[in-house]
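J.: The file below is data-v8.pdb, PDB, C-alpha atoms:
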MODEL        1
ATOM      1  CA  MET A   1     -10.180  20.998  -5.324
ATOM      2  CA  SER A   2     -13.193  18.738  -4.942
ATOM      3  CA  GLU A   3     -13.035  15.007  -4.310
ATOM      4  CA  ARG A   4     -14.471  14.552  -7.792
ATOM      5  CA  SER A   5     -11.637  16.523  -9.343
ATOM      6  CA  ARG A   6      -9.087  14.477  -7.411
ATOM      7  CA  LYS A   7     -10.610  11.325  -8.849
ATOM      8  CA  THR A   8     -10.325  12.762 -12.356
ATOM      9  CA  ARG A   9      -6.760  13.777 -11.658
ATOM     10  CA  LEU A  10      -5.926  10.263 -10.423
ATOM     11  CA  ARG A  11      -7.492   8.752 -13.562
ATOM     12  CA  HIS A  12      -5.254  10.960 -15.710
ATOM     13  CA  PHE A  13      -2.172  10.016 -13.668
ATOM     14  CA  ILE A  14      -2.868   6.292 -14.054
ATOM     15  CA  HIS A  15      -3.580   6.666 -17.753
ATOM     16  CA  ARG A  16      -0.577   8.787 -18.674
ATOM     17  CA  VAL A  17       2.106   7.506 -16.320
ATOM     18  CA  TRP A  18       1.257   3.828 -15.828
ATOM     19  CA  ASN A  19      -0.783   2.868 -18.896
ATOM     20  CA  GLN A  20       0.926   5.033 -21.521
ATOM     21  CA  GLY A  21       4.319   4.890 -19.821
ATOM     22  CA  ASP A  22       4.951   8.637 -19.989
ATOM     23  CA  ALA A  23       7.221   8.760 -16.926
ATOM     24  CA  ASP A  24       8.039  12.443 -17.467
ATOM     25  CA  SER A  25       4.409  13.404 -16.999
ATOM     26  CA  ALA A  26       4.673  12.256 -13.363
ATOM     27  CA  ALA A  27       5.973  15.783 -12.674
ATOM     28  CA  THR A  28       2.413  17.047 -13.225
ATOM     29  CA  TYR A  29       0.997  14.870 -10.461
ATOM     30  CA  LEU A  30       3.648  14.269  -7.786
ATOM     31  CA  ALA A  31       4.460  16.179  -4.619
ATOM     32  CA  PRO A  32       8.189  16.868  -4.048
ATOM     33  CA  THR A  33       8.430  13.537  -2.252
ATOM     34  CA  TYR A  34       6.367  10.404  -2.760
ATOM     35  CA  ARG A  35       6.302   7.849   0.048
ATOM     36  CA  ILE A  36       5.561   4.158  -0.519
ATOM     37  CA  ARG A  37       4.053   3.520   2.881
ATOM     38  CA  HIS A  38       3.070  -0.122   2.421
ATOM     39  CA  ASP A  39       3.447  -2.267  -0.686
ATOM     40  CA  PRO A  40       4.489  -5.873   0.075
ATOM     41  CA  GLY A  41       6.950  -7.213  -2.471
ATOM     42  CA  ASP A  42       7.533  -3.844  -4.106
ATOM     43  CA  PRO A  43      11.270  -3.094  -4.387
ATOM     44  CA  TRP A  44      10.645   0.451  -3.074
ATOM     45  CA  ASN A  45       8.416  -0.582  -0.149
ATOM     46  CA  GLY A  46       8.940   1.857   2.734
ATOM     47  CA  MET A  47      11.000   4.290   0.669
ATOM     48  CA  THR A  48      10.478   7.975  -0.073
ATOM     49  CA  LEU A  49      11.155   8.894  -3.697
ATOM     50  CA  ASP A  50      11.848  12.180  -5.410
ATOM     51  CA  LEU A  51      10.698  12.762  -8.985
ATOM     52  CA  ALA A  52      13.792  11.140 -10.514
ATOM     53  CA  GLY A  53      13.373   8.121  -8.257
ATOM     54  CA  PHE A  54       9.711   7.810  -9.162
ATOM     55  CA  LYS A  55      10.464   7.963 -12.893
ATOM     56  CA  ALA A  56      13.065   5.218 -12.462
ATOM     57  CA  ARG A  57      10.400   3.154 -10.683
ATOM     58  CA  VAL A  58       7.923   3.597 -13.553
ATOM     59  CA  ILE A  59      10.511   2.641 -16.157
ATOM     60  CA  ARG A  60      11.673  -0.428 -14.214
ATOM     61  CA  LEU A  61       8.193  -1.711 -13.364
ATOM     62  CA  ARG A  62       6.977  -1.306 -16.955
ATOM     63  CA  ALA A  63      10.032  -2.913 -18.597
ATOM     64  CA  ALA A  64       8.744  -6.498 -18.553
ATOM     65  CA  PHE A  65       5.170  -5.403 -19.306
ATOM     66  CA  PRO A  66       5.307  -2.502 -21.786
ATOM     67  CA  ASP A  67       1.632  -2.768 -22.801
ATOM     68  CA  GLN A  68       0.349  -2.922 -19.239
ATOM     69  CA  HIS A  69      -3.102  -1.523 -18.563
ATOM     70  CA  PHE A  70      -4.824  -0.617 -15.298
ATOM     71  CA  ASP A  71      -8.603  -0.992 -15.496
ATOM     72  CA  ILE A  72     -10.014   1.123 -12.663
ATOM     73  CA  GLN A  73     -12.842  -0.665 -10.840
ATOM     74  CA  GLY A  74     -13.722   1.970  -8.259
ATOM     75  CA  LEU A  75     -12.531   5.326  -6.893
ATOM     76  CA  TYR A  76     -13.415   6.310  -3.315
ATOM     77  CA  ALA A  77     -12.462   9.752  -2.007
ATOM     78  CA  ASP A  78     -12.385  10.629   1.708
ATOM     79  CA  GLY A  79     -10.290  13.299   3.393
ATOM     80  CA  ASP A  80      -6.859  13.524   1.805
ATOM     81  CA  THR A  81      -7.110  10.047   0.276
ATOM     82  CA  VAL A  82      -8.514   8.514  -2.899
ATOM     83  CA  VAL A  83      -8.667   4.726  -2.876
ATOM     84  CA  MET A  84      -8.556   2.968  -6.239
ATOM     85  CA  THR A  85      -9.536  -0.665  -6.758
ATOM     86  CA  TRP A  86      -8.184  -2.064 -10.009
ATOM     87  CA  LEU A  87      -7.615  -4.917 -12.384
ATOM     88  CA  TRP A  88      -4.430  -5.015 -14.454
ATOM     89  CA  ASN A  89      -3.349  -6.934 -17.486
ATOM     90  CA  ALA A  90      -0.191  -7.008 -19.558
ATOM     91  CA  THR A  91       1.720  -9.108 -22.036
ATOM     92  CA  HIS A  92       4.863 -10.597 -20.521
ATOM     93  CA  LEU A  93       7.335  -9.244 -23.102
ATOM     94  CA  GLY A  94      10.476  -8.621 -21.032
ATOM     95  CA  ASP A  95      12.511 -10.943 -18.832
ATOM     96  CA  LEU A  96      12.033 -11.062 -15.068
ATOM     97  CA  PRO A  97      14.357 -12.813 -12.590
ATOM     98  CA  ASP A  98      13.623 -16.557 -12.995
ATOM     99  CA  PHE A  99      10.884 -15.810 -15.526
ATOM    100  CA  PRO A 100      11.985 -15.135 -19.112
ATOM    101  CA  ALA A 101       9.435 -13.397 -21.360
ATOM    102  CA  THR A 102       6.726 -15.733 -22.704
ATOM    103  CA  GLY A 103       4.348 -13.474 -24.627
ATOM    104  CA  HIS A 104       1.524 -14.675 -22.397
ATOM    105  CA  THR A 105      -1.018 -12.300 -20.888
ATOM    106  CA  ILE A 106      -0.763 -11.793 -17.125
ATOM    107  CA  GLU A 107      -3.641 -10.523 -14.987
ATOM    108  CA  MET A 108      -3.519  -8.983 -11.530
ATOM    109  CA  SER A 109      -5.776  -7.123  -9.124
ATOM    110  CA  GLY A 110      -5.089  -4.720  -6.302
ATOM    111  CA  ALA A 111      -6.198  -1.782  -4.207
ATOM    112  CA  THR A 112      -4.236   1.430  -3.672
ATOM    113  CA  ALA A 113      -4.896   4.283  -1.248
ATOM    114  CA  TYR A 114      -3.334   7.445  -2.735
ATOM    115  CA  GLY A 115      -2.569  10.429  -0.516
ATOM    116  CA  PHE A 116      -2.988  14.011  -1.806
ATOM    117  CA  ASP A 117      -1.597  17.237  -0.400
ATOM    118  CA  ARG A 118      -3.474  20.559  -0.322
ATOM    119  CA  SER A 119      -2.218  21.365  -3.804
ATOM    120  CA  ASP A 120      -3.718  18.064  -4.989
ATOM    121  CA  MET A 121      -0.330  16.528  -5.662
ATOM    122  CA  LEU A 122       0.238  12.860  -4.853
ATOM    123  CA  THR A 123       2.198  12.284  -1.642
ATOM    124  CA  GLY A 124       2.383   8.499  -1.705
ATOM    125  CA  HIS A 125       0.433   5.281  -1.480
ATOM    126  CA  TRP A 126      -0.551   2.263   0.639
ATOM    127  CA  GLN A 127      -1.092  -0.745  -1.627
ATOM    128  CA  VAL A 128      -1.859  -4.439  -1.666
ATOM    129  CA  THR A 129      -1.696  -6.533  -4.834
ATOM    130  CA  ASP A 130      -2.465 -10.179  -5.461
ATOM    131  CA  ARG A 131       1.163 -11.228  -5.894
ATOM    132  CA  LEU A 132       0.356 -14.919  -5.508
ATOM    133  CA  GLY A 133      -1.970 -14.789  -8.509
ATOM    134  CA  VAL A 134       0.808 -13.303 -10.634
ATOM    135  CA  TYR A 135       3.357 -15.824  -9.373
ATOM    136  CA  GLN A 136       1.049 -18.722 -10.238
ATOM    137  CA  GLN A 137       0.540 -17.399 -13.773
ATOM    138  CA  LEU A 138       4.288 -16.904 -14.282
ATOM    139  CA  GLN A 139       4.973 -20.446 -13.059
ATOM    140  CA  ARG A 140       2.302 -21.934 -15.323
ATOM    141  CA  ASN A 141       3.503 -19.954 -18.343
ATOM    142  CA  LYS A 142       7.076 -21.109 -17.732
ATOM    143  CA  LEU A 143       5.905 -24.633 -18.491
ATOM    144  CA  SER A 144       4.269 -23.543 -21.784
ATOM    145  CA  PRO A 145       6.452 -20.658 -22.949
ATOM    146  CA  ARG A 146       4.613 -20.007 -26.213
ATOM    147  CA  PRO A 147       1.170 -18.401 -26.208
ATOM    148  CA  ASP A 148      -1.692 -20.589 -27.275
ATOM    149  CA  PRO A 149      -2.901 -19.800 -30.793
ATOM    150  CA  PRO A 150      -5.769 -17.312 -30.768
TER     151      PRO A 150
ATOM    152  CA  MET B   1     -26.825   7.285   8.407
ATOM    153  CA  SER B   2     -23.717   9.362   7.963
ATOM    154  CA  GLU B   3     -20.477   8.105   6.485
ATOM    155  CA  ARG B   4     -18.963   8.454   9.944
ATOM    156  CA  SER B   5     -21.589   6.172  11.446
ATOM    157  CA  ARG B   6     -21.003   3.611   8.725
ATOM    158  CA  LYS B   7     -17.326   3.594   9.607
ATOM    159  CA  THR B   8     -18.181   3.004  13.258
ATOM    160  CA  ARG B   9     -20.580   0.255  12.264
ATOM    161  CA  LEU B  10     -17.889  -1.410  10.135
ATOM    162  CA  ARG B  11     -15.422  -1.223  13.039
ATOM    163  CA  HIS B  12     -17.942  -3.016  15.272
ATOM    164  CA  PHE B  13     -18.596  -5.662  12.608
ATOM    165  CA  ILE B  14     -14.872  -6.388  12.229
ATOM    166  CA  HIS B  15     -14.357  -6.470  15.983
ATOM    167  CA  ARG B  16     -17.294  -8.696  16.881
ATOM    168  CA  VAL B  17     -17.511 -11.034  13.897
ATOM    169  CA  TRP B  18     -13.922 -11.402  12.706
ATOM    170  CA  ASN B  19     -11.789 -10.581  15.762
ATOM    171  CA  GLN B  20     -13.990 -12.010  18.506
ATOM    172  CA  GLY B  21     -15.436 -14.755  16.311
ATOM    173  CA  ASP B  22     -19.053 -14.085  17.239
ATOM    174  CA  ALA B  23     -20.511 -15.404  13.957
ATOM    175  CA  ASP B  24     -24.100 -15.025  15.218
ATOM    176  CA  SER B  25     -23.659 -11.269  15.549
ATOM    177  CA  ALA B  26     -23.282 -11.064  11.761
ATOM    178  CA  ALA B  27     -27.107 -10.880  11.716
ATOM    179  CA  THR B  28     -26.813  -7.339  13.093
ATOM    180  CA  TYR B  29     -24.726  -6.157  10.162
ATOM    181  CA  LEU B  30     -25.613  -8.148   7.036
ATOM    182  CA  ALA B  31     -28.168  -7.483   4.296
ATOM    183  CA  PRO B  32     -30.307 -10.523   3.332
ATOM    184  CA  THR B  33     -27.650 -11.459   0.793
ATOM    185  CA  TYR B  34     -23.930 -10.775   0.873
ATOM    186  CA  ARG B  35     -22.008 -10.940  -2.397
ATOM    187  CA  ILE B  36     -18.283 -11.651  -2.585
ATOM    188  CA  ARG B  37     -17.648  -9.703  -5.769
ATOM    189  CA  HIS B  38     -13.891 -10.162  -6.018
ATOM    190  CA  ASP B  39     -11.589 -11.965  -3.584
ATOM    191  CA  PRO B  40      -8.834 -13.968  -5.320
ATOM    192  CA  GLY B  41      -8.144 -17.263  -3.580
ATOM    193  CA  ASP B  42     -11.179 -17.032  -1.308
ATOM    194  CA  PRO B  43     -13.248 -20.239  -1.466
ATOM    195  CA  TRP B  44     -16.442 -18.146  -1.795
ATOM    196  CA  ASN B  45     -15.110 -15.776  -4.491
ATOM    197  CA  GLY B  46     -17.995 -14.758  -6.774
ATOM    198  CA  MET B  47     -20.676 -16.277  -4.559
ATOM    199  CA  THR B  48     -23.705 -14.718  -2.912
ATOM    200  CA  LEU B  49     -24.238 -15.860   0.680
ATOM    201  CA  ASP B  50     -27.226 -15.781   2.975
ATOM    202  CA  LEU B  51     -26.737 -15.359   6.729
ATOM    203  CA  ALA B  52     -26.196 -19.081   7.323
ATOM    204  CA  GLY B  53     -23.649 -19.202   4.530
ATOM    205  CA  PHE B  54     -21.833 -16.190   5.905
ATOM    206  CA  LYS B  55     -21.673 -17.686   9.399
ATOM    207  CA  ALA B  56     -20.221 -20.884   7.939
ATOM    208  CA  ARG B  57     -17.609 -18.765   6.178
ATOM    209  CA  VAL B  58     -16.606 -17.023   9.426
ATOM    210  CA  ILE B  59     -16.314 -20.317  11.294
ATOM    211  CA  ARG B  60     -14.279 -21.961   8.533
ATOM    212  CA  LEU B  61     -11.913 -19.036   7.963
ATOM    213  CA  ARG B  62     -11.252 -18.625  11.698
ATOM    214  CA  ALA B  63     -10.693 -22.343  12.421
ATOM    215  CA  ALA B  64      -6.949 -22.389  11.746
ATOM    216  CA  PHE B  65      -6.451 -18.920  13.280
ATOM    217  CA  PRO B  66      -8.763 -18.647  16.309
ATOM    218  CA  ASP B  67      -6.955 -15.628  17.815
ATOM    219  CA  GLN B  68      -6.881 -13.672  14.563
ATOM    220  CA  HIS B  69      -6.953  -9.893  14.780
ATOM    221  CA  PHE B  70      -7.628  -7.258  12.115
ATOM    222  CA  ASP B  71      -5.821  -3.997  12.812
ATOM    223  CA  ILE B  72      -7.645  -1.332  10.808
ATOM    224  CA  GLN B  73      -5.221   1.059   9.086
ATOM    225  CA  GLY B  74      -7.698   3.351   7.358
ATOM    226  CA  LEU B  75     -11.430   3.732   6.636
ATOM    227  CA  TYR B  76     -12.552   5.716   3.571
ATOM    228  CA  ALA B  77     -16.261   6.326   2.967
ATOM    229  CA  ASP B  78     -17.662   7.418  -0.400
ATOM    230  CA  GLY B  79     -21.173   6.818  -1.738
ATOM    231  CA  ASP B  80     -22.433   3.402  -0.692
ATOM    232  CA  THR B  81     -18.923   2.084   0.004
ATOM    233  CA  VAL B  82     -16.497   2.096   2.902
ATOM    234  CA  VAL B  83     -12.980   0.943   2.040
ATOM    235  CA  MET B  84     -10.893  -0.544   4.836
ATOM    236  CA  THR B  85      -7.133  -0.999   4.650
ATOM    237  CA  TRP B  86      -5.859  -3.467   7.233
ATOM    238  CA  LEU B  87      -3.101  -5.505   8.769
ATOM    239  CA  TRP B  88      -3.907  -8.927  10.229
ATOM    240  CA  ASN B  89      -2.095 -11.271  12.524
ATOM    241  CA  ALA B  90      -2.912 -14.658  14.003
ATOM    242  CA  THR B  91      -1.330 -17.697  15.587
ATOM    243  CA  HIS B  92      -1.420 -20.707  13.286
ATOM    244  CA  LEU B  93      -3.190 -23.097  15.692
ATOM    245  CA  GLY B  94      -5.289 -25.263  13.348
ATOM    246  CA  ASP B  95      -4.298 -27.398  10.385
ATOM    247  CA  LEU B  96      -4.593 -26.112   6.803
ATOM    248  CA  PRO B  97      -4.269 -28.253   3.651
ATOM    249  CA  ASP B  98      -0.515 -28.956   3.295
ATOM    250  CA  PHE B  99       0.246 -26.798   6.335
ATOM    251  CA  PRO B 100      -0.231 -28.414   9.757
ATOM    252  CA  ALA B 101      -0.490 -26.027  12.711
ATOM    253  CA  THR B 102       2.880 -24.679  13.893
ATOM    254  CA  GLY B 103       2.039 -22.190  16.641
ATOM    255  CA  HIS B 104       3.864 -19.503  14.664
ATOM    256  CA  THR B 105       2.430 -16.030  14.170
ATOM    257  CA  ILE B 106       1.281 -15.215  10.640
ATOM    258  CA  GLU B 107       0.888 -11.666   9.335
ATOM    259  CA  MET B 108      -1.113 -10.439   6.349
ATOM    260  CA  SER B 109      -2.312  -7.187   4.837
ATOM    261  CA  GLY B 110      -5.200  -6.331   2.571
ATOM    262  CA  ALA B 111      -7.789  -3.839   1.417
ATOM    263  CA  THR B 112     -11.535  -4.397   1.342
ATOM    264  CA  ALA B 113     -14.276  -2.263  -0.227
ATOM    265  CA  TYR B 114     -17.517  -2.945   1.694
ATOM    266  CA  GLY B 115     -20.892  -2.102   0.146
ATOM    267  CA  PHE B 116     -23.786  -0.794   2.269
ATOM    268  CA  ASP B 117     -27.476  -0.627   1.453
ATOM    269  CA  ARG B 118     -29.794   2.237   2.445
ATOM    270  CA  SER B 119     -30.466   0.549   5.789
ATOM    271  CA  ASP B 120     -26.705   0.498   6.388
ATOM    272  CA  MET B 121     -26.492  -3.250   6.144
ATOM    273  CA  LEU B 122     -23.489  -4.838   4.423
ATOM    274  CA  THR B 123     -24.217  -6.066   0.900
ATOM    275  CA  GLY B 124     -20.827  -7.549   0.047
ATOM    276  CA  HIS B 125     -17.186  -6.821  -0.605
ATOM    277  CA  TRP B 126     -14.389  -6.455  -3.178
ATOM    278  CA  GLN B 127     -11.097  -7.525  -1.622
ATOM    279  CA  VAL B 128      -7.429  -8.108  -2.321
ATOM    280  CA  THR B 129      -5.086  -9.701   0.210
ATOM    281  CA  ASP B 130      -1.367 -10.395   0.087
ATOM    282  CA  ARG B 131      -1.729 -14.154  -0.305
ATOM    283  CA  LEU B 132       1.880 -14.600  -1.408
ATOM    284  CA  GLY B 133       3.132 -13.130   1.875
ATOM    285  CA  VAL B 134       1.031 -15.644   3.815
ATOM    286  CA  TYR B 135       2.163 -18.528   1.617
ATOM    287  CA  GLN B 136       5.829 -17.623   2.132
ATOM    288  CA  GLN B 137       5.371 -17.530   5.925
ATOM    289  CA  LEU B 138       3.568 -20.891   5.935
ATOM    290  CA  GLN B 139       6.330 -22.437   3.827
ATOM    291  CA  ARG B 140       9.061 -21.043   6.072
ATOM    292  CA  ASN B 141       7.272 -22.162   9.242
ATOM    293  CA  LYS B 142       6.859 -25.675   7.842
ATOM    294  CA  LEU B 143      10.647 -25.982   7.913
ATOM    295  CA  SER B 144      10.803 -24.885  11.568
ATOM    296  CA  PRO B 145       7.539 -26.138  13.042
ATOM    297  CA  ARG B 146       8.168 -24.997  16.603
ATOM    298  CA  PRO B 147       7.947 -21.320  17.529
ATOM    299  CA  ASP B 148      11.141 -19.642  18.577
ATOM    300  CA  PRO B 149      11.383 -19.167  22.345
ATOM    301  CA  PRO B 150      10.096 -15.748  23.415
TER     302      PRO B 150
ENDMDL
END
Turn the structure described in the file into structure tokens.

T.:
Amino acid sequence: MSERSRKTRLRHFIHRVWNQGDADSAATYLAPTYRIRHDPGDPWNGMTLDLAGFKARVIRLRAAFPDQHFDIQGLYADGDTVVMTWLWNATHLGDLPDFPATGHTIEMSGATAYGFDRSDMLTGHWQVTDRLGVYQQLQRNKLSPRPDPP
Amino acid sequence: MSERSRKTRLRHFIHRVWNQGDADSAATYLAPTYRIRHDPGDPWNGMTLDLAGFKARVIRLRAAFPDQHFDIQGLYADGDTVVMTWLWNATHLGDLPDFPATGHTIEMSGATAYGFDRSDMLTGHWQVTDRLGVYQQLQRNKLSPRPDPP
């Protein structure tokens, strides 16, 4: 498959699995094992997940932010990797440890290098996200728990 | 120039300018203007720098961490962009606001998408770094200001 097709495939994966929350559709995109090679602060950092484990990850990470949306900024394909730079936003609708839901919008940015195998299935990722930016927003929102009027 | 040559050129830029601290050598690698398109927490986020401005940035960012070292994890070239994933470490030898020097080692990771022009000069970057990881290390080190014995 061409690098262009892998980019399209990655777009569909992000849209269906992470934006729409269709965890079952991960089966269409994932290799038998998916390795989280580097992802500071992620509960699964360093782990290798099977399909069931990956679905559990999707469900858990979306629970506090059910309307989350990844806005892809760039896709860069080279060798067996497609790197995605992204912005993310979501309404904080579910409780997190120390941070009850506020209904405020949270924004984040990050970059993720996705690995593909020869069947164009995803084998894992190396990711960095701006966790401090999220933490600062959660802290600020805690002090004004109700959204400002539109 | 090929994508492979751009990767080599980026390696040299990182080594000379950021690892060795030779700010003057930035002239070899930079387009007339260098735009910091996205870099949360960076003092120059959103700005366009000329060579003098870029040199000032290098000198300021290296001041607290004069032995800093970028360890390149991956380079991915596509179109006019080369994405670099990286680990970074440095000894905290200069004072930062709220964080006096401790002599402790600090580690960081990040991903940077570098733009090139047709003369293979760097036009800017889009970057995310794990700022929260750095902040947590600085906080922890503040409570034990002397390095552990080797």

J.: Starting from the ChimeraX specification (/A :<9) & /B, expand the selection into actual residues of this file and give them as a list of chain:residue names.

T.: B:Pro40, B:Gly41, B:Leu75, B:Tyr76, B:Ala77, B:Asp78, B:Gly79, B:Thr81, B:Val82, B:Val83, B:Thr85, B:Ser109, B:Gly110, B:Ala111, B:Thr112, B:Ala113, B:Trp126, B:Gln127, B:Val128, B:Thr129, B:Asp130, B:Arg131, B:Leu132, B:Gly133, B:Tyr135

J.: Residue by residue, what does the PyMOL selection byres ((chain A and resi 49) around 6) grab here? Present the result as a PyMOL selection string.

T.: chain A and resi 33-34+48+50+53-54

J.: Which polymer residues have any atom within 8 Å of an atom of Asn89 (chain A), counting only C-alpha atoms, with same-chain residues fewer than 3 positions away left out, as a list in words?

T.: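 Selected residues are Gln68, His69, Phe70, Thr105, Ile106, Glu107 and Met108 of chain A.
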
J.: So the first atom is CA of Asp120 (chain B) and the second is CA of Arg6 (chain B); what is the distance between them in Å, to one decimal place?

T.: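 The value is 6.9 Å.
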
J.: Can you pull out the residues contacting Phe13 (chain A)? Cut-off 10 Å, using all atoms listed in the file, and skip same-chain residues under 2 positions away; I want them as a list of chain:residue names.

T.: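 Answer for this query is A:Lys7, A:Thr8, A:Arg9, A:Leu10, A:Arg11, A:His15, A:Arg16, A:Val17, A:Trp18, A:Asn19, A:Gln20, A:Asp22, A:Ser25, A:Ala26, A:Thr28, A:Tyr29, A:Leu30, A:Leu122.
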
J.: The selected residues should be written to file as a short mmCIF file (atom, residue, chain, number, x, y, z; two decimals), in the frame of the given file (atoms: C-alpha atoms).

T.:
data_model
loop_
_atom_site.label_atom_id
_atom_site.label_comp_id
_atom_site.auth_asym_id
_atom_site.auth_seq_id
_atom_site.Cartn_x
_atom_site.Cartn_y
_atom_site.Cartn_z
CA LYS A 7 -10.61 11.32 -8.85
CA THR A 8 -10.32 12.76 -12.36
CA ARG A 9 -6.76 13.78 -11.66
CA LEU A 10 -5.93 10.26 -10.42
CA ARG A 11 -7.49 8.75 -13.56
CA HIS A 15 -3.58 6.67 -17.75
CA ARG A 16 -0.58 8.79 -18.67
CA VAL A 17 2.11 7.51 -16.32
CA TRP A 18 1.26 3.83 -15.83
CA ASN A 19 -0.78 2.87 -18.90
CA GLN A 20 0.93 5.03 -21.52
CA ASP A 22 4.95 8.64 -19.99
CA SER A 25 4.41 13.40 -17.00
CA ALA A 26 4.67 12.26 -13.36
CA THR A 28 2.41 17.05 -13.22
CA TYR A 29 1.00 14.87 -10.46
CA LEU A 30 3.65 14.27 -7.79
CA LEU A 122 0.24 12.86 -4.85
#

J.: Just the number, please: distance in Å from CA of Ser2 (chain B) to CA of Tyr114 (chain B), one decimal.

T.: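 It comes out at 15.1 Å.
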
J.: To one decimal in Å, tell me the separation between CA of Trp88 (chain B) and CA of Ala52 (chain B).

T.: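 Here the two named atoms are 24.7 Å from each other.
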
J.: Using the file's own x, y and z axes, so that the box edges lie along x, y and z, what centre and edge lengths in Å (one decimal) does a box around every listed atom of region 78-93 of chain B get when 5 Å is added on each side? Give it as AutoDock Vina command-line options.

T.:
--center_x -11.9 --center_y -7.8 --center_z 7.0 --size_x 31.1 --size_y 40.5 --size_z 27.4

J.: What residues come out when you apply the PyMOL selection byres ((chain B and resi 104) around 6) to this file, written as a list in words?

T.: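 So the PyMOL selection byres ((chain B and resi 104) around 6) ends up selecting Thr91, His92, Thr102, Gly103, Thr105 and Pro147 of chain B.
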
J.: Pick out the residues sitting within 7 Å of Lys55 (chain A), and hand them over as an NGL selection string; count all atoms listed in the file, and ignore anything fewer than 3 positions along from it in its own chain.

T.: :A and (23-24 or 51-52 or 58-59)

J.: Find the residue from B:Pro97, B:His12, B:Gly21, B:Ile72 that sits nearest to Ala56 (chain B); use all atoms listed in the file when measuring.

T.: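 Closest to Ala56 (chain B) of all the choices is B:Gly21.
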